[in-house]
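Remarks on the structure that follows.
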Amino acid sequence: MLIGEVYGKTGTKKFRFYAYKDIKKQDFVTVKDEENHWILCKVDIVESISEDRKNIKNMALAEVIGYREDGILKSLKRPVRPNSLIYSADKKVIQETLKLDKGGLNIGLLDSNNDVEVFLDPKGLVTKHVAVLASTGAGKSYTVSVILEELLDKKIPIVVLDPHGEYISLRFANDEKRELALMSKYKIKPKAYKVVEYSPDPRVNPGSEQLTFSDQNLGAMELSQMTPSNTTASQKGLLFTAIRELRDRGDYTLKDIINKIDQTESAAKWNLLNMLEFVKDMGLFSDNPTQVEDMISPGQATVVNFRGIPPEIQGIVTYKLIHDIFEMRKVGRVPPLFLILEEAHNFCPEKEVIVSSKIIRTVASEGRKFGLGLCVISQRPARVDKNILSQCNTQIIMKITNPNDLKAVSYAEGMTEGVEKEITNLNPGTALILGQGLPIFVDIRVRKTKHGGVTVSITEQPKTGKKILSFSTIPRSNLESRLGSLKILYYPCYYVTADGKSYLFEGMQGNVIYSEKSVIKQQELNFSPAELELMNLLSTEMDTDTILEKSTISFGELVNVLNNMIEKDLVKKSSDAGGIDLYSLKGGFTVHPFKERPLYVVIDGDLLKPKLSPQQISEKVKSLFAKVDKVQPVYYPYFIGKNFMIDGITGLKRDT
């Protein structure tokens, strides 16, 4: 269908055209080049221009994708000719040019052309690494599960490091009525897959197999990676010497290493012994350890469930397991596999080196040579090691609103101005896929398996008739008449009265909850104690000498803290007439108040336990306000359905 005509200055990468008909951003269009090839392009920006009230023209900027010849995607050698006619792209041209081969992974439909199925190349996806990045609730784990279903169908082994136990549900076929009704649209059927669950502590995750490791013949570098803090040069020297002497005698264990170091005369041994005892007492080592070869099998998803496991143990298990898998893959003792790393910002952070950082970085840079694919998943891409993200040739990006996170993904290959603006407005379940000759927006298909993205299992059973401080809700009967039986979940928060206003802090991470245009949002307060101290101090300009005099922060720490706060746009730096650097708060940061007033209600559901105590919240807020009057526990109400949840105050529904 003819839809427009090229005008103005053109190039080989982009051009503008008048649109005769209504068009949308991300629509696919075609134009012929001088050699008579049909060139696939994508609409990046749409504008309406009015010369007068009667003559309104739609103008569009199109990004050139190219054409496929002999299986290779080729770009233009000459600019698109002005006055060339623009046509809407048909299904065949889109599929052939983007190489959406049916032999690939069926992940959904093109968002702009719902008759075009999207198939991704499994080889390119697995061997060249993937990043899945999005805000909480945008559908990251759902999208990853769709990809895993497709990989399992192709008998590719999968290992998932799962902080929340979400991926265990791959073992159950989907029985959700709404999603069953949509399956014919995506040409799929419900299916269950083989899932084997491991956990460092089966007492916390009943039904899982215990994951343990061998402590026989550990290397000095390997062992130093597992200690809770960095070892000094002298401690490393003790470790290397002890292990070298033990190795000369034959096999040895961690207990042998500890005993050997204890026999030395060095004063450096005491802290080292404490660290090694810590590693030994974690319960991760066994005389009958888990065989990594048994964990990895074609067509099987192995889920390491970290739910309820302390972060320091999660880090050590992640390091040790990835290290062992990588070493075995290099010598062919396990088949090629795909490794999934959820909450990647906790295992390979950008500005911190922790126990698991180095091995993940190694796999990102070298894993593809040995058939070890990596998928990193995070709701905070700005906090993920950029070296690791840069190694991910395929990036799957869903809705992101945080400015720092948007900046982190803006450098991805294929990102354009129009595409970047779209990311903040994506609907849940819609993904931008960059790489593999794309970018495209995809309506992710429904799952063949049950979704395990939201679980409400850590609850305390309330006493009948007991009252708590909560908020007025939408009548439950009204909702149940339309949606069926619902449960109530009370989410822990703290109602803070300070500086004459009221604020709501959620009880898990301490973020601020507030309402904006009838939508409940969260404002993150990820400040270190030093940052909170400076926020309370820098109401007027100060030089570093004055700050050091009035604060408890050391000089070495102060420089880093000030630089971080400048980067977060919290502090501004200026100079006086003598060239002395001065620092002050920008004034742009404000804590949003909460307008709803709490009231006492009789408990009619489950109470979720808070992770933060009233004392911890008090410590957090006292640096934000001049006067804190009261901190009260309060519970935010949610109605929970089979595969959805409803905000009890606003009535907004969200699929889970």
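Residue numbering restarts at 1 for every chain of the structure tokens, chains are lettered A, B, ... in their displayed order, and ligands are numbered from 1 as they appear.
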
Could you go through segment 390-617 of chain A and tell me which residues DSSP, when run on the backbone, assigns to strand (DSSP E or B), listing them as a ChimeraX atom specification? /A:394-397,430-434,440-444,449,459-460,467-470,487-498,501-506,512-516,519-523,542,571-575,581-585,599-602,606-608

If you count only C-alpha atoms, which residues fall within 7 Å of segment 150-165 of chain A, apart from same-chain ones fewer than 4 positions away, as an MDAnalysis selection string? chainID A and resid 105:106 146 296:307 337:342

Report as a Markdown table the residues of segment 398-491 of chain A within 12 Å of segment 508-528 of chain A, each with its shortest atom pair and distance in Å (one decimal), using only C-alpha atoms, ordered by chain and increasing residue number.
```
| residue | atom | partner | partner_atom | distance |
| --- | --- | --- | --- | --- |
| A:Thr401 | CA | A:Lys521 | CA | 11.4 |
| A:Asn402 | CA | A:Glu524 | CA | 9.8 |
| A:Tyr491 | CA | A:Met508 | CA | 9.2 |
```

Output of the above residues as a PDB file, in the first residue's frame, restricted to N, CA and C atoms:
```
ATOM      1  N   THR A 401      11.933   3.603  33.514  1.00  0.00           N
ATOM      2  CA  THR A 401      11.620   5.014  33.760  1.00  0.00           C
ATOM      3  C   THR A 401      12.724   5.746  34.509  1.00  0.00           C
ATOM      4  N   ASN A 402      13.550   5.025  35.261  1.00  0.00           N
ATOM      5  CA  ASN A 402      14.619   5.672  36.024  1.00  0.00           C
ATOM      6  C   ASN A 402      15.634   6.314  35.076  1.00  0.00           C
ATOM      7  N   TYR A 491       0.573  -5.355  52.914  1.00  0.00           N
ATOM      8  CA  TYR A 491       2.009  -5.148  52.666  1.00  0.00           C
ATOM      9  C   TYR A 491       2.565  -4.184  53.723  1.00  0.00           C
TER      10      TYR A 491
END
```

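Residue nearest Gln26 of chain A, chosen from A:Leu624, A:Val571, A:Ile440, A:Ile547 and counting only C-alpha atoms: A:Ile440.
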
Excluding Val31 of chain A and any residue of its chain fewer than 5 positions from it, enumerate the residues within 7 Å of it, using only C-alpha atoms, and give them as a short mmCIF file (atom, residue, chain, number, x, y, z; two decimals) with C-alpha atoms, in the first residue's frame.
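Resulting contents of part10.cif:
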```
data_model
loop_
_atom_site.label_atom_id
_atom_site.label_comp_id
_atom_site.auth_asym_id
_atom_site.auth_seq_id
_atom_site.Cartn_x
_atom_site.Cartn_y
_atom_site.Cartn_z
CA TRP A 38 13.08 -3.37 -1.66
CA ILE A 39 14.67 -1.64 1.34
CA LEU A 40 13.09 -2.28 4.73
CA SER A 84 10.81 7.99 -3.97
CA LEU A 85 7.49 6.39 -3.05
CA ILE A 86 7.05 4.80 0.37
CA TYR A 87 4.95 1.67 0.88
#
```

Would you list the contacts of Gln395 of chain A as a list in words, taking every protein, DNA or RNA residue within 6 Å and counting only C-alpha atoms, but skipping same-chain residues closer than 6 positions in sequence? Val130, Ala131, Ile433 and Leu434 of chain A

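The environment of Glu343 of chain A within 7 Å, counting only C-alpha atoms and disregarding residues fewer than 3 places along the same chain, consists of Asn346, Ile377 and Ser378 of chain A.
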
Selection export as an mmCIF file, in the first residue's frame, atoms kept: N, CA and C atoms:
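Okay, result-v6.cif is ready:
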```
data_model
loop_
_atom_site.group_PDB
_atom_site.id
_atom_site.type_symbol
_atom_site.label_atom_id
_atom_site.label_comp_id
_atom_site.auth_asym_id
_atom_site.auth_seq_id
_atom_site.Cartn_x
_atom_site.Cartn_y
_atom_site.Cartn_z
ATOM 1 N N ASN A 346 23.068 -7.522 41.842
ATOM 2 C CA ASN A 346 23.532 -7.992 43.152
ATOM 3 C C ASN A 346 24.738 -8.913 43.057
ATOM 4 N N ILE A 377 19.933 -10.479 33.973
ATOM 5 C CA ILE A 377 18.612 -9.877 34.125
ATOM 6 C C ILE A 377 18.676 -8.883 35.272
ATOM 7 N N SER A 378 18.128 -7.685 35.056
ATOM 8 C CA SER A 378 18.177 -6.695 36.133
ATOM 9 C C SER A 378 17.113 -5.629 35.933
#
```

Separation of atom CA of Val279 of chain A and atom CA of Asp251 of chain A, in Å? 19.3 Å
